[in-house]
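Report on one structure; see the data block that follows.
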Amino acid sequence: MALLQRLARLAAYLQDPQKVADFQRLCGVEGPPGLAASPPLAEEREGDGWPRLRAAAGGEKRPPKGLGNGAIPEGAGGEGPPQQTWGRRQPRRNSLTGEAACQEIAIRNPFLYYLFNLGTELGNELFYILFFPFCIWNLDAWMGRRLIIVWVWVMYLGQCTKDVIRWPRPASPPVVKLEVFYNSEYSMPSTHAMSGTAIPLALVLLSYGRWQYPLMYGLILVICWCSLVCFSRIYMGMHSILDVIAGFLYAILILVVFHPAVDLIDNFNLTYKYAPLIIISLHLALGVFSFTLDTWSTSRGDTAQILGCGAGVACGSHFNYMLGLMQDPSPDTWPLIPPSITVTLFGKAILRLLIGVVLLLLTRIMMKKITIPLACKMFSIPCDDIRQARQRMEVELPYRYITYGMVGFSLMFLVPCLFLFIGLS
């Protein structure tokens with residue numbers, strides 16, 4: 001009993017939003033005495049060139065309109081204006097959320113601001129749509145497929161766990177919210193910390209022994225990548241220290257359990273005759289289950305998006321294997337020696353990435369324009385207000401699942417076929 005009490009006190013200490021605010025101040029993030037809501041304003045810069053921001057505040061677990069997850073309503077903070085002129089910037093926001101509450105802040109250390117913004121992007125869609133294609137088209141398709149399998153399981157379990165535990169974001173004040181894109185989601189565990197732990201660790205586990213390189217380089221990559229992502233979520237005011245630690249440990253636990261099965265899953269995806277049918281059905285069922293865990297939040301759409309991408313990649317891998325495209329090197333040739341980087345090799349890699357990503361983005365845009373109106377028509381849902389329509393499971397699940405399923409299928413099959421046709425494979 002005494003041990004449980006000590007663990008409970010430790011958890012409460014690590015979940016304290018004041019610790020997040022202290023870390024932010026240590027890194028040069030300062031807010032005014034009162035964090036009152038005010039309209040979003042444009043970016044400005046002071047004479048010293050440092051960015052000054054007006055960042056969104058958070059809200060209650062299910063906040064009133066205008067407040068996001070973790071905020072305390074206007075009037076709860078201190079009084080009085082800041083002691084200097086504050087520049088303003090509207091942070092990156094999610095088009096599906098109507099959060100409008102803002103708080104004035106100042107950035108005293110621009111290097112850490114941009115560094116931790118980079119860290120938080122390592123868990124966002126822009127990074128994924130560049131990183132996974134680069135791995136598959138330019139490095140090693142065998143490794144890329146397995147990385148996506150790990151990523152899908154880690155993110156799916158993380159998002160579902162959030163909707164089961166339902167802990168709110170750190171309270172603001174005292175925390176300063178530098179980001180509102182995922183503000184409507186719950187906090188525990190940090191899925192950014194989970195992906196920032198699982199991806200580099202799985203990358204090293206899959207590549208070491210298959211490719212010839214010093215293990216120390218891989219360990220340095222894991223430590224730097226994981227630390228940058230984890231600290232960035234505290235810096236942004238989106239997670240408590242406990243959320244990040246839990247996400248880190250949860251990702252390791254999932255890797256320990258699922259990593260031995262990755263080869264089995266990938267071989268099933270490639271070789272089993274009815275694999276595409278099973279994959280599509282299983283991922284869709286998992287998506288329906290996740291949508292029943294809680295009321296609407298951005299995590300539900302993200303979950304369907306991740307499952308759709310994973311299903312599309314697995315189906316594309318199956319067709320690749322059946323047609324003999326992108327064949328994997330035989331284990332007899334391991335360890336593979338990285339080729340020398342030449343101008344031709346580098347140019348082809350960049351050209352493949354540019355052409356391929358443009359095609360993926362065009363696929364995403366086209367499928368979005370088709371699936372949302374089609375789902376609205378099929379389920380008799382008014383589509384005058386797209387934001388409201390997409391908060392319905394009948395629209396959000398098929399839209400995200402089909403759209404990103406096609407993106408994943410294009411990533412693994414259609415785009416490589418194009419590269420083969422034009423001589424870029």
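Naming scheme: A, B, ... for chains in displayed order of the structure tokens; residues 1 onward per chain; ligands 1 onward as shown.
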
### Message
For range 231-237 of chain A, find every residue with an atom within 8 Å (counting only C-alpha atoms), except residues of its own chain fewer than 2 positions away, and show them as a list in words.
### Response
Val20, Ala21, Phe23, Gln24, Cys27, Phe116, Asn117, Gly119, Thr120, Pro170, Val175, Val176, Lys177, Leu178, Glu179, His192, Ala193, Ser227, Leu228, Val229, His239, Ser240, Ile241 and Val244 of chain A

Residues of the last selection are to be written out with N, CA, C and O atoms, as an mmCIF file, in the first residue's frame.
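So the final result, stored in part29.cif, reads:
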data_model
loop_
_atom_site.group_PDB
_atom_site.id
_atom_site.type_symbol
_atom_site.label_atom_id
_atom_site.label_comp_id
_atom_site.auth_asym_id
_atom_site.auth_seq_id
_atom_site.Cartn_x
_atom_site.Cartn_y
_atom_site.Cartn_z
ATOM 1 N N VAL A 20 5.245 21.633 -16.465
ATOM 2 C CA VAL A 20 5.313 21.955 -17.893
ATOM 3 C C VAL A 20 5.598 23.442 -18.081
ATOM 4 O O VAL A 20 6.447 23.835 -18.885
ATOM 5 N N ALA A 21 4.892 24.276 -17.315
ATOM 6 C CA ALA A 21 5.107 25.721 -17.402
ATOM 7 C C ALA A 21 6.528 26.094 -16.989
ATOM 8 O O ALA A 21 7.150 26.975 -17.601
ATOM 9 N N PHE A 23 9.205 24.220 -17.306
ATOM 10 C CA PHE A 23 10.086 23.822 -18.417
ATOM 11 C C PHE A 23 9.995 24.835 -19.553
ATOM 12 O O PHE A 23 11.013 25.185 -20.167
ATOM 13 N N GLN A 24 8.795 25.308 -19.841
ATOM 14 C CA GLN A 24 8.640 26.302 -20.899
ATOM 15 C C GLN A 24 9.401 27.588 -20.564
ATOM 16 O O GLN A 24 10.089 28.151 -21.431
ATOM 17 N N CYS A 27 13.012 27.262 -21.079
ATOM 18 C CA CYS A 27 13.375 27.280 -22.500
ATOM 19 C C CYS A 27 13.075 28.623 -23.159
ATOM 20 O O CYS A 27 13.205 28.760 -24.383
ATOM 21 N N PHE A 116 12.346 22.727 -31.369
ATOM 22 C CA PHE A 116 11.241 21.915 -30.865
ATOM 23 C C PHE A 116 10.059 21.900 -31.829
ATOM 24 O O PHE A 116 9.273 20.947 -31.823
ATOM 25 N N ASN A 117 9.917 22.921 -32.660
ATOM 26 C CA ASN A 117 8.920 22.845 -33.731
ATOM 27 C C ASN A 117 9.290 21.747 -34.717
ATOM 28 O O ASN A 117 8.424 21.014 -35.200
ATOM 29 N N GLY A 119 11.022 19.117 -33.883
ATOM 30 C CA GLY A 119 10.768 17.877 -33.165
ATOM 31 C C GLY A 119 9.321 17.456 -33.206
ATOM 32 O O GLY A 119 9.000 16.279 -33.407
ATOM 33 N N THR A 120 8.412 18.408 -33.042
ATOM 34 C CA THR A 120 6.988 18.052 -33.044
ATOM 35 C C THR A 120 6.516 17.668 -34.433
ATOM 36 O O THR A 120 5.595 16.858 -34.599
ATOM 37 N N PRO A 170 -2.729 19.439 -20.407
ATOM 38 C CA PRO A 170 -2.314 20.280 -19.272
ATOM 39 C C PRO A 170 -3.082 21.594 -19.244
ATOM 40 O O PRO A 170 -3.330 22.209 -20.285
ATOM 41 N N VAL A 175 0.104 26.594 -18.124
ATOM 42 C CA VAL A 175 0.806 26.190 -19.348
ATOM 43 C C VAL A 175 0.477 27.146 -20.481
ATOM 44 O O VAL A 175 -0.646 27.631 -20.605
ATOM 45 N N VAL A 176 1.462 27.418 -21.320
ATOM 46 C CA VAL A 176 1.282 28.226 -22.526
ATOM 47 C C VAL A 176 1.148 27.265 -23.700
ATOM 48 O O VAL A 176 2.028 26.439 -23.931
ATOM 49 N N LYS A 177 0.050 27.345 -24.437
ATOM 50 C CA LYS A 177 -0.185 26.452 -25.569
ATOM 51 C C LYS A 177 0.431 27.052 -26.834
ATOM 52 O O LYS A 177 -0.029 28.058 -27.347
ATOM 53 N N LEU A 178 1.455 26.390 -27.351
ATOM 54 C CA LEU A 178 2.092 26.819 -28.591
ATOM 55 C C LEU A 178 1.503 26.121 -29.808
ATOM 56 O O LEU A 178 1.914 26.396 -30.932
ATOM 57 N N GLU A 179 0.599 25.193 -29.593
ATOM 58 C CA GLU A 179 0.019 24.424 -30.694
ATOM 59 C C GLU A 179 -1.421 24.100 -30.340
ATOM 60 O O GLU A 179 -1.739 23.850 -29.180
ATOM 61 N N HIS A 192 2.751 11.295 -29.989
ATOM 62 C CA HIS A 192 3.993 11.810 -30.586
ATOM 63 C C HIS A 192 5.200 11.118 -29.943
ATOM 64 O O HIS A 192 6.133 10.702 -30.643
ATOM 65 N N ALA A 193 5.175 11.005 -28.615
ATOM 66 C CA ALA A 193 6.272 10.325 -27.938
ATOM 67 C C ALA A 193 6.333 8.855 -28.344
ATOM 68 O O ALA A 193 7.419 8.276 -28.483
ATOM 69 N N SER A 227 14.486 11.929 -27.984
ATOM 70 C CA SER A 227 14.568 13.054 -27.046
ATOM 71 C C SER A 227 13.949 14.311 -27.639
ATOM 72 O O SER A 227 13.211 15.041 -26.960
ATOM 73 N N LEU A 228 14.244 14.572 -28.918
ATOM 74 C CA LEU A 228 13.731 15.778 -29.551
ATOM 75 C C LEU A 228 12.209 15.773 -29.595
ATOM 76 O O LEU A 228 11.555 16.771 -29.265
ATOM 77 N N VAL A 229 11.611 14.653 -29.979
ATOM 78 C CA VAL A 229 10.147 14.575 -30.065
ATOM 79 C C VAL A 229 9.521 14.680 -28.674
ATOM 80 O O VAL A 229 8.562 15.431 -28.468
ATOM 81 N N HIS A 239 1.527 18.245 -23.570
ATOM 82 C CA HIS A 239 1.558 17.042 -22.734
ATOM 83 C C HIS A 239 2.276 17.322 -21.424
ATOM 84 O O HIS A 239 3.213 18.133 -21.374
ATOM 85 N N SER A 240 1.854 16.604 -20.400
ATOM 86 C CA SER A 240 2.585 16.628 -19.138
ATOM 87 C C SER A 240 3.784 15.695 -19.237
ATOM 88 O O SER A 240 3.913 14.903 -20.181
ATOM 89 N N ILE A 241 4.674 15.791 -18.249
ATOM 90 C CA ILE A 241 5.838 14.901 -18.223
ATOM 91 C C ILE A 241 5.385 13.448 -18.132
ATOM 92 O O ILE A 241 5.959 12.563 -18.772
ATOM 93 N N VAL A 244 4.342 11.964 -21.533
ATOM 94 C CA VAL A 244 5.479 11.663 -22.402
ATOM 95 C C VAL A 244 6.192 10.389 -21.940
ATOM 96 O O VAL A 244 6.545 9.523 -22.761
#

Residue neighbourhood Asn267 in chain A, 12 Å, only C-alpha atoms, exclusion window fewer than 4 positions, as a compact mmCIF listing (two decimals) with N, CA, C and O atoms, in the first residue's frame:
# COMPACT_ATOMS: atom_id res chain seq x y z
N TRP A 142 11.78 -3.36 -48.18
CA TRP A 142 11.58 -4.40 -47.15
C TRP A 142 11.48 -3.74 -45.77
O TRP A 142 10.59 -4.05 -44.98
N ARG A 145 8.24 -1.36 -45.44
CA ARG A 145 6.97 -2.06 -45.17
C ARG A 145 6.84 -2.41 -43.70
O ARG A 145 5.79 -2.23 -43.07
N ARG A 146 7.90 -2.91 -43.13
CA ARG A 146 7.87 -3.31 -41.72
C ARG A 146 7.77 -2.11 -40.78
O ARG A 146 7.11 -2.18 -39.74
N ILE A 149 4.15 -1.23 -40.66
CA ILE A 149 3.41 -2.16 -39.81
C ILE A 149 3.55 -1.77 -38.34
O ILE A 149 2.56 -1.71 -37.59
N ALA A 261 6.62 -10.51 -34.35
CA ALA A 261 5.58 -10.92 -35.30
C ALA A 261 5.62 -10.12 -36.60
O ALA A 261 4.83 -10.41 -37.51
N VAL A 262 6.51 -9.14 -36.71
CA VAL A 262 6.53 -8.27 -37.89
C VAL A 262 6.83 -9.07 -39.15
O VAL A 262 6.18 -8.90 -40.19
N ASP A 263 7.82 -9.96 -39.10
CA ASP A 263 8.16 -10.78 -40.27
C ASP A 263 6.97 -11.65 -40.68
O ASP A 263 6.68 -11.78 -41.88
N THR A 271 2.24 -13.03 -49.37
CA THR A 271 2.10 -14.35 -49.99
C THR A 271 0.71 -14.96 -49.93
O THR A 271 0.37 -15.78 -50.78
N TYR A 272 -0.09 -14.61 -48.93
CA TYR A 272 -1.38 -15.29 -48.78
C TYR A 272 -2.34 -14.80 -49.86
O TYR A 272 -2.48 -13.59 -50.10
N LYS A 273 -3.04 -15.76 -50.46
CA LYS A 273 -3.87 -15.46 -51.62
C LYS A 273 -4.96 -14.43 -51.31
O LYS A 273 -5.24 -13.52 -52.11
N ALA A 275 -5.02 -12.30 -48.77
CA ALA A 275 -4.52 -11.28 -47.84
C ALA A 275 -5.19 -9.92 -48.01
O ALA A 275 -5.59 -9.31 -47.01
N ALA A 314 -0.22 -2.46 -47.31
CA ALA A 314 -0.20 -3.93 -47.29
C ALA A 314 -0.75 -4.51 -48.59
O ALA A 314 -0.18 -5.46 -49.15
N SER A 317 1.76 -3.94 -51.34
CA SER A 317 2.86 -4.89 -51.19
C SER A 317 2.49 -6.25 -51.77
O SER A 317 3.32 -6.92 -52.41
N HIS A 318 1.24 -6.67 -51.54
CA HIS A 318 0.78 -7.95 -52.06
C HIS A 318 0.84 -7.97 -53.59
O HIS A 318 1.34 -8.94 -54.20
N TYR A 321 4.38 -8.10 -54.89
CA TYR A 321 4.97 -9.44 -54.78
C TYR A 321 4.43 -10.36 -55.87
O TYR A 321 5.19 -11.12 -56.50
N ASP A 328 12.81 -8.09 -52.98
CA ASP A 328 13.74 -7.88 -51.87
C ASP A 328 15.03 -8.66 -52.11
O ASP A 328 14.99 -9.77 -52.65

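Here the question is which of A:Leu115, A:Leu336, A:Ala171, A:Leu130 gets nearest to Gln18 in chain A using only C-alpha atoms, and that residue is A:Ala171.
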
Which neighbours of Pro133 in chain A fall inside 9 Å, counting only C-alpha atoms, when residues of the same chain fewer than 5 positions from it are skipped, and could you give them as a PDB file with N, CA, C and O atoms, in the first residue's frame?
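Result went into part07.pdb, see below:
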ATOM      1  N   TYR A 128       5.485  12.131 -42.144  1.00  0.00           N
ATOM      2  CA  TYR A 128       5.199  10.765 -42.577  1.00  0.00           C
ATOM      3  C   TYR A 128       5.132  10.660 -44.098  1.00  0.00           C
ATOM      4  O   TYR A 128       5.593   9.677 -44.682  1.00  0.00           O
ATOM      5  N   ASN A 138      13.699   4.881 -52.033  1.00  0.00           N
ATOM      6  CA  ASN A 138      15.126   5.184 -52.173  1.00  0.00           C
ATOM      7  C   ASN A 138      16.042   4.343 -51.290  1.00  0.00           C
ATOM      8  O   ASN A 138      17.234   4.233 -51.603  1.00  0.00           O
ATOM      9  N   GLY A 144      10.926  -0.501 -45.176  1.00  0.00           N
ATOM     10  CA  GLY A 144       9.826   0.459 -45.153  1.00  0.00           C
ATOM     11  C   GLY A 144       8.490  -0.186 -44.854  1.00  0.00           C
ATOM     12  O   GLY A 144       7.680   0.358 -44.096  1.00  0.00           O
ATOM     13  N   LEU A 353      11.442  11.254 -55.109  1.00  0.00           N
ATOM     14  CA  LEU A 353      10.693  11.794 -53.976  1.00  0.00           C
ATOM     15  C   LEU A 353       9.750  12.906 -54.416  1.00  0.00           C
ATOM     16  O   LEU A 353       8.574  12.936 -54.023  1.00  0.00           O
ATOM     17  N   GLY A 356       6.959  11.428 -56.774  1.00  0.00           N
ATOM     18  CA  GLY A 356       6.087  10.537 -56.025  1.00  0.00           C
ATOM     19  C   GLY A 356       5.219  11.256 -55.021  1.00  0.00           C
ATOM     20  O   GLY A 356       4.016  10.978 -54.916  1.00  0.00           O
ATOM     21  N   VAL A 357       5.789  12.189 -54.260  1.00  0.00           N
ATOM     22  CA  VAL A 357       5.007  12.895 -53.245  1.00  0.00           C
ATOM     23  C   VAL A 357       3.939  13.768 -53.899  1.00  0.00           C
ATOM     24  O   VAL A 357       2.808  13.861 -53.390  1.00  0.00           O
ATOM     25  N   LEU A 411       1.505   4.643 -52.875  1.00  0.00           N
ATOM     26  CA  LEU A 411       2.867   4.657 -52.357  1.00  0.00           C
ATOM     27  C   LEU A 411       3.589   3.338 -52.639  1.00  0.00           C
ATOM     28  O   LEU A 411       4.754   3.323 -53.041  1.00  0.00           O
ATOM     29  N   MET A 412       2.880   2.227 -52.467  1.00  0.00           N
ATOM     30  CA  MET A 412       3.532   0.922 -52.529  1.00  0.00           C
ATOM     31  C   MET A 412       3.455   0.275 -53.897  1.00  0.00           C
ATOM     32  O   MET A 412       4.285  -0.577 -54.220  1.00  0.00           O
TER      33      MET A 412
END

- Query: Looking only at the backbone, which of the residues in range 246-369 of chain A does DSSP tag as helix (DSSP H, G or I), as a PyMOL selection string?
  - Reply: chain A and resi 246-271+275-291+298-323+331-333+343-369

Practice prompt. Compile the contact shell of range 4-12 of chain A as a count of residues only: residues with an atom at most 10 Å away, counting only C-alpha atoms, same-chain residues fewer than 4 positions apart removed.
Written response: 5

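Reported to one decimal place, the separation of CA of Ile422 in chain A from CA of Phe131 in chain A is 22.6 Å.
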
Of the residues A:Met238, A:Cys315, A:Ile252, A:Leu201, which is the one nearest to Ser410 in chain A, using only C-alpha atoms?
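Answer, going by the shortest atom-to-atom distance: A:Cys315.
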
| task | Just give me the gap between CA of Phe409 in chain A and CA of Leu360 in chain A in Å, one decimal is fine. | result |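 Computing it gives 9.7 Å between the two atoms.
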
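As for CA of Lys368 in chain A and CA of Gly310 in chain A, they are spaced 17.7 Å apart.
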